[in-house]
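Undergrad: Starting off with a structure, shown below.
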Amino acid sequence: MRCVFVCNGEFSSEEFCVDTQDFVIAVDGGYAFIKDLCRVDLAVGDFDSLGYLPEGIATLRHNPIKDYTDTYLAFEEALGRGYDEFIVYGALGGRLDHTLANLQCAYDFAKKGVQVKLIGKDCVAEVITGRKTIGGSKGQIFSLFSFDMTKGVYIKNGKYPLVDATLKNTFPIGVSNELLDKDCEIEIKDGYALLIVNKR
């Protein structure tokens with residue numbers, strides 16, 4: 001089941017896409033981006049960024065003095081409701097600390113079995129493990145980063161292939177690869193990686 005989140009980072013209405021069966025959660029200031037675009041099923045946060053409590057929809061208001069980010073709390077709520085695919089807008093760009101926090105959240109929930117994809121203006125970021133196929137145009141740039149240590153990494157049909165490689169979070173060997181004419185195949189035997197595919 002798919003849940004769509006809208007956070008308070010960089011947001012483009014042209015990139016935003018939601019299906020009628022999706023459960024839509026606005027995360028604090030993300031509500032302002034979509035309140036006139038689509039149905040909002042739930043708003044979550046301390047609402048310090050938005051500056052007011054949304055009316056006419058379900059809300060979960062949290063104390064601003066807390067250990068968890070609004071995004072983490074929204075993810076937790078969706079997981080508790082049984083959703084296992086998260087599509088996240090407005091989680092990239094803007095404040096760097098918020099972007100990094102959102103990527104950490106994505107990693108944590110991927111380890112809990114959730115498919116997490118963050119869609120930005122210029123790229124799509126996804127936490128992956130196992131096998132992944134990337135389609136796109138020749139020369140399109142993609143990068144692969146480890147959160148801690150990722151073993152048994154294979155990249156086939158990329159400009160810079162890898163065979164049984166180990167990625168570490170201290171060395172960016174997976175940055176700035178390129179798609180060739182065929183679909184690129186990525187395989188990870190052990191661990192997780194952050195896949196970033198540039199849109200242009």
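In the structure tokens, chains take the letters A, B, ... in the order shown, each chain's residues start at 1, and ligands count up from 1 in the order shown.
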Counting only C-alpha atoms, which residues in segment 99-141 of chain A sit no more than 12 Å from segment 147-156 of chain A? For each one, give the nearest pair of atoms and the distance in Å, sorted by chain then residue number, as CSV.

TA:
residue,atom,partner,partner_atom,distance
A:Leu100,CA,A:Phe147,CA,11.3
A:Leu103,CA,A:Phe147,CA,9.5
A:Gln104,CA,A:Phe147,CA,8.5
A:Cys105,CA,A:Phe147,CA,11.6
A:Ala106,CA,A:Phe147,CA,10.8
A:Tyr107,CA,A:Phe147,CA,7.8
A:Asp108,CA,A:Phe147,CA,10.2
A:Ala110,CA,A:Phe147,CA,11.7
A:Lys111,CA,A:Phe147,CA,11.5
A:Val127,CA,A:Phe147,CA,9.5
A:Ile128,CA,A:Thr150,CA,10.6
A:Thr129,CA,A:Thr150,CA,9.2
A:Gly130,CA,A:Val153,CA,9.3
A:Arg131,CA,A:Tyr154,CA,9.3
A:Lys132,CA,A:Ile155,CA,9.7
A:Thr133,CA,A:Lys156,CA,9.7
A:Ile134,CA,A:Lys156,CA,10.3

Undergrad: Neighbouring residues of Asn63 of chain A were defined as those with any atom within 12 Å, considering only C-alpha atoms; residues of the same chain fewer than 3 positions away were excluded. Please report them as a list in words.

TA: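 Answer for this query is Val44, Gly45, Asp46, Phe47, Asp48, Leu60, Lys66, Asp67, Tyr68, Thr69, Asp70 and Leu73 of chain A.
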
Undergrad: Take the residues from that selection and write them out as a tab-separated table (two decimals), in the first residue's frame, keeping N, CA, C and O atoms.

TA:
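Heads up, here's the output in out_35.tsv:
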chain	number	residue	atom	x	y	z
A	44	VAL	N	0.65	16.02	9.78
A	44	VAL	CA	1.45	15.60	10.94
A	44	VAL	C	2.54	16.63	11.18
A	44	VAL	O	3.17	17.11	10.24
A	45	GLY	N	2.78	16.96	12.45
A	45	GLY	CA	3.90	17.84	12.78
A	45	GLY	C	3.64	18.66	14.02
A	45	GLY	O	2.59	18.54	14.66
A	46	ASP	N	4.62	19.51	14.33
A	46	ASP	CA	4.40	20.47	15.42
A	46	ASP	C	3.85	21.78	14.87
A	46	ASP	O	3.44	22.66	15.63
A	47	PHE	N	3.88	21.92	13.54
A	47	PHE	CA	3.29	23.04	12.81
A	47	PHE	C	3.95	24.38	13.14
A	47	PHE	O	3.34	25.44	13.01
A	48	ASP	N	5.23	24.31	13.51
A	48	ASP	CA	5.98	25.55	13.70
A	48	ASP	C	6.32	26.20	12.36
A	48	ASP	O	6.37	27.42	12.24
A	60	LEU	N	-2.34	15.29	13.43
A	60	LEU	CA	-1.59	14.76	14.58
A	60	LEU	C	-0.59	15.84	14.96
A	60	LEU	O	0.42	16.02	14.28
A	66	LYS	N	11.01	17.78	20.93
A	66	LYS	CA	10.92	16.34	20.73
A	66	LYS	C	12.22	15.83	20.13
A	66	LYS	O	13.03	16.60	19.60
A	67	ASP	N	12.42	14.51	20.22
A	67	ASP	CA	13.63	13.90	19.68
A	67	ASP	C	13.49	13.53	18.21
A	67	ASP	O	14.48	13.36	17.51
A	68	TYR	N	12.27	13.37	17.73
A	68	TYR	CA	12.02	12.89	16.37
A	68	TYR	C	11.61	14.05	15.46
A	68	TYR	O	10.90	14.96	15.87
A	69	THR	N	12.05	14.00	14.21
A	69	THR	CA	11.62	15.01	13.25
A	69	THR	C	10.16	14.76	12.86
A	69	THR	O	9.62	13.66	13.04
A	70	ASP	N	9.55	15.78	12.30
A	70	ASP	CA	8.17	15.62	11.82
A	70	ASP	C	8.07	14.54	10.75
A	70	ASP	O	7.11	13.77	10.71
A	73	LEU	N	8.12	11.10	12.38
A	73	LEU	CA	6.83	10.82	13.03
A	73	LEU	C	5.75	10.50	12.00
A	73	LEU	O	4.90	9.64	12.23

Undergrad: Can you tell me which residues surround Val197 of chain A at a distance of at most 9 Å, considering only C-alpha atoms, apart from same-chain residues fewer than 4 positions away, and format the answer as a ChimeraX atom specification?

TA: /A:122-126,134,140-144

Undergrad: Export all heavy atoms of the chosen residues as a PDB file, in the first residue's frame?

TA:
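See again-v9.pdb below for the written result:
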ATOM      1  N   ASP A 122      15.354  17.985  -9.093  1.00  0.00           N
ATOM      2  CA  ASP A 122      16.415  17.615 -10.025  1.00  0.00           C
ATOM      3  C   ASP A 122      16.830  16.153  -9.971  1.00  0.00           C
ATOM      4  O   ASP A 122      17.612  15.703 -10.801  1.00  0.00           O
ATOM      5  CB  ASP A 122      17.656  18.481  -9.768  1.00  0.00           C
ATOM      6  CG  ASP A 122      17.367  19.958  -9.919  1.00  0.00           C
ATOM      7  OD1 ASP A 122      16.712  20.322 -10.914  1.00  0.00           O
ATOM      8  OD2 ASP A 122      17.771  20.743  -9.046  1.00  0.00           O
ATOM      9  N   CYS A 123      16.345  15.420  -8.969  1.00  0.00           N
ATOM     10  CA  CYS A 123      16.772  14.030  -8.820  1.00  0.00           C
ATOM     11  C   CYS A 123      15.737  13.228  -8.061  1.00  0.00           C
ATOM     12  O   CYS A 123      14.821  13.784  -7.449  1.00  0.00           O
ATOM     13  CB  CYS A 123      18.123  13.963  -8.094  1.00  0.00           C
ATOM     14  SG  CYS A 123      18.039  14.478  -6.363  1.00  0.00           S
ATOM     15  N   VAL A 124      15.916  11.921  -8.123  1.00  0.00           N
ATOM     16  CA  VAL A 124      15.114  10.985  -7.326  1.00  0.00           C
ATOM     17  C   VAL A 124      16.083  10.173  -6.490  1.00  0.00           C
ATOM     18  O   VAL A 124      17.066   9.628  -7.009  1.00  0.00           O
ATOM     19  CB  VAL A 124      14.273  10.055  -8.228  1.00  0.00           C
ATOM     20  CG1 VAL A 124      13.547   9.016  -7.379  1.00  0.00           C
ATOM     21  CG2 VAL A 124      13.284  10.854  -9.051  1.00  0.00           C
ATOM     22  N   ALA A 125      15.841  10.121  -5.194  1.00  0.00           N
ATOM     23  CA  ALA A 125      16.701   9.372  -4.275  1.00  0.00           C
ATOM     24  C   ALA A 125      15.911   8.199  -3.705  1.00  0.00           C
ATOM     25  O   ALA A 125      14.749   8.350  -3.343  1.00  0.00           O
ATOM     26  CB  ALA A 125      17.197  10.273  -3.147  1.00  0.00           C
ATOM     27  N   GLU A 126      16.576   7.052  -3.644  1.00  0.00           N
ATOM     28  CA  GLU A 126      15.896   5.835  -3.201  1.00  0.00           C
ATOM     29  C   GLU A 126      16.878   4.955  -2.431  1.00  0.00           C
ATOM     30  O   GLU A 126      18.027   4.798  -2.840  1.00  0.00           O
ATOM     31  CB  GLU A 126      15.363   5.094  -4.429  1.00  0.00           C
ATOM     32  CG  GLU A 126      14.529   3.888  -4.150  1.00  0.00           C
ATOM     33  CD  GLU A 126      13.936   3.287  -5.417  1.00  0.00           C
ATOM     34  OE1 GLU A 126      14.213   3.813  -6.522  1.00  0.00           O
ATOM     35  OE2 GLU A 126      13.213   2.284  -5.313  1.00  0.00           O
ATOM     36  N   ILE A 134      17.734   0.346 -13.520  1.00  0.00           N
ATOM     37  CA  ILE A 134      17.566   1.770 -13.806  1.00  0.00           C
ATOM     38  C   ILE A 134      17.401   1.952 -15.308  1.00  0.00           C
ATOM     39  O   ILE A 134      18.263   1.554 -16.090  1.00  0.00           O
ATOM     40  CB  ILE A 134      18.780   2.603 -13.359  1.00  0.00           C
ATOM     41  CG1 ILE A 134      19.190   2.272 -11.939  1.00  0.00           C
ATOM     42  CG2 ILE A 134      18.484   4.084 -13.492  1.00  0.00           C
ATOM     43  CD1 ILE A 134      20.473   2.975 -11.519  1.00  0.00           C
ATOM     44  N   GLN A 140      22.677   9.826 -18.744  1.00  0.00           N
ATOM     45  CA  GLN A 140      22.022  10.284 -17.517  1.00  0.00           C
ATOM     46  C   GLN A 140      22.857   9.850 -16.306  1.00  0.00           C
ATOM     47  O   GLN A 140      23.344   8.725 -16.236  1.00  0.00           O
ATOM     48  CB  GLN A 140      20.613   9.707 -17.432  1.00  0.00           C
ATOM     49  CG  GLN A 140      19.734  10.325 -16.374  1.00  0.00           C
ATOM     50  CD  GLN A 140      18.283   9.887 -16.527  1.00  0.00           C
ATOM     51  OE1 GLN A 140      17.913   9.185 -17.471  1.00  0.00           O
ATOM     52  NE2 GLN A 140      17.443  10.318 -15.599  1.00  0.00           N
ATOM     53  N   ILE A 141      23.044  10.749 -15.352  1.00  0.00           N
ATOM     54  CA  ILE A 141      23.948  10.496 -14.229  1.00  0.00           C
ATOM     55  C   ILE A 141      23.207   9.873 -13.058  1.00  0.00           C
ATOM     56  O   ILE A 141      22.097  10.281 -12.716  1.00  0.00           O
ATOM     57  CB  ILE A 141      24.619  11.812 -13.791  1.00  0.00           C
ATOM     58  CG1 ILE A 141      25.528  12.336 -14.913  1.00  0.00           C
ATOM     59  CG2 ILE A 141      25.438  11.619 -12.510  1.00  0.00           C
ATOM     60  CD1 ILE A 141      26.095  13.714 -14.637  1.00  0.00           C
ATOM     61  N   PHE A 142      23.844   8.881 -12.463  1.00  0.00           N
ATOM     62  CA  PHE A 142      23.336   8.306 -11.221  1.00  0.00           C
ATOM     63  C   PHE A 142      24.503   8.066 -10.278  1.00  0.00           C
ATOM     64  O   PHE A 142      25.652   7.923 -10.696  1.00  0.00           O
ATOM     65  CB  PHE A 142      22.561   7.009 -11.470  1.00  0.00           C
ATOM     66  CG  PHE A 142      23.406   5.841 -11.901  1.00  0.00           C
ATOM     67  CD1 PHE A 142      23.872   4.923 -10.974  1.00  0.00           C
ATOM     68  CD2 PHE A 142      23.729   5.641 -13.239  1.00  0.00           C
ATOM     69  CE1 PHE A 142      24.645   3.830 -11.354  1.00  0.00           C
ATOM     70  CE2 PHE A 142      24.494   4.559 -13.635  1.00  0.00           C
ATOM     71  CZ  PHE A 142      24.956   3.659 -12.698  1.00  0.00           C
ATOM     72  N   SER A 143      24.207   8.040  -8.993  1.00  0.00           N
ATOM     73  CA  SER A 143      25.238   7.817  -7.975  1.00  0.00           C
ATOM     74  C   SER A 143      24.731   6.830  -6.949  1.00  0.00           C
ATOM     75  O   SER A 143      23.521   6.705  -6.724  1.00  0.00           O
ATOM     76  CB  SER A 143      25.612   9.134  -7.280  1.00  0.00           C
ATOM     77  OG  SER A 143      26.146  10.068  -8.187  1.00  0.00           O
ATOM     78  N   LEU A 144      25.677   6.125  -6.341  1.00  0.00           N
ATOM     79  CA  LEU A 144      25.357   5.109  -5.347  1.00  0.00           C
ATOM     80  C   LEU A 144      26.236   5.340  -4.119  1.00  0.00           C
ATOM     81  O   LEU A 144      27.462   5.381  -4.230  1.00  0.00           O
ATOM     82  CB  LEU A 144      25.616   3.715  -5.934  1.00  0.00           C
ATOM     83  CG  LEU A 144      24.933   2.515  -5.284  1.00  0.00           C
ATOM     84  CD1 LEU A 144      23.419   2.612  -5.406  1.00  0.00           C
ATOM     85  CD2 LEU A 144      25.421   1.218  -5.927  1.00  0.00           C
TER      86      LEU A 144
END

Undergrad: With distances taken over only C-alpha atoms, which residue among A:Arg2, A:Asp41, A:Phe33, A:Leu118 lies nearest Asp19 of chain A?

TA: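 Result for the nearest residue to Asp19 of chain A: A:Arg2.
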
Undergrad: Can you work out which one of A:Asn8, A:Asn169, A:Gln21, A:Asn177 has the shortest atom-to-atom distance to Val88 of chain A, counting only C-alpha atoms?

TA: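 Of the candidates, the smallest distance to Val88 of chain A is held by A:Asn8.
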
Undergrad: Between atom CA of Tyr160 of chain A and atom CA of Lys182 of chain A, what is the spacing in Å?

TA: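 Atom-to-atom, atom CA of Lys182 of chain A and atom CA of Tyr160 of chain A are spaced 13.6 Å apart.
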
Undergrad: Measuring atom to atom with only C-alpha atoms, identify which of A:Ile57, A:Ala32, A:Ile188, A:Val18 is nearest to Phe145 of chain A.

TA: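 Under the stated criterion, the closest residue is A:Ile188.
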
Undergrad: Would you mind telling me which residue in A:Cys184, A:Ser146, A:Asp97, A:Thr59 lies nearest to Phe171 of chain A when using only C-alpha atoms?

TA: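 Once distances to Phe171 of chain A are computed over only C-alpha atoms, the minimum belongs to A:Ser146.
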
Undergrad: Considering only helix (DSSP H, G or I) as DSSP defines it on the backbone, what residues of segment 8-103 of chain A qualify? List them as a PyMOL selection string.

TA: chain A and resi 30-34+70-80+96-103

Undergrad: Rank nothing, just name the residue among A:Thr170, A:Asn157, A:Ser13, A:Thr20 nearest to Gly120 of chain A, using only C-alpha atoms.

TA: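 When distances to Gly120 of chain A are compared using only C-alpha atoms, the smallest one comes from A:Ser13.
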
Undergrad: Which residues, written as a PyMOL selection string, have at least one atom at most 12 Å from Phe11 of chain A, with only C-alpha atoms counted and residues fewer than 4 positions away on the same chain left out?

TA: chain A and resi 5-7+15-17+29-34+88-94+118-122

Undergrad: So how far away is atom CA of Tyr72 of chain A from atom CA of Asn102 of chain A, in Å?

TA: 7.8 Å

Undergrad: Please give the complete set of residues from chain A that DSSP, run on the backbone, assigns to strand (DSSP E or B), formatted as a ChimeraX atom specification.

TA: /A:2-6,23-27,42-45,58-61,85-89,115-119,123-134,141-146,149-156,158,162-168,171,177-179,184-198

Undergrad: Hey, what's within 7 Å of Gln115 of chain A if we count only C-alpha atoms and toss same-chain stuff fewer than 3 positions away? As a PyMOL selection string, please?

TA: chain A and resi 84-86+110

Undergrad: Give the answer as one residue: which of A:Gly82, A:Arg39, A:Cys3, A:Val27 has the shortest atom-to-atom distance to Arg61 of chain A, using only C-alpha atoms?

TA: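 Looking at the shortest contact to Arg61 of chain A, the residue is A:Val27.
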
Undergrad: Calculate how many Å separate atom CA of Ala43 of chain A from atom CA of Asn198 of chain A, rounding to one decimal.

TA: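 These two atoms are separated by 29.4 Å.
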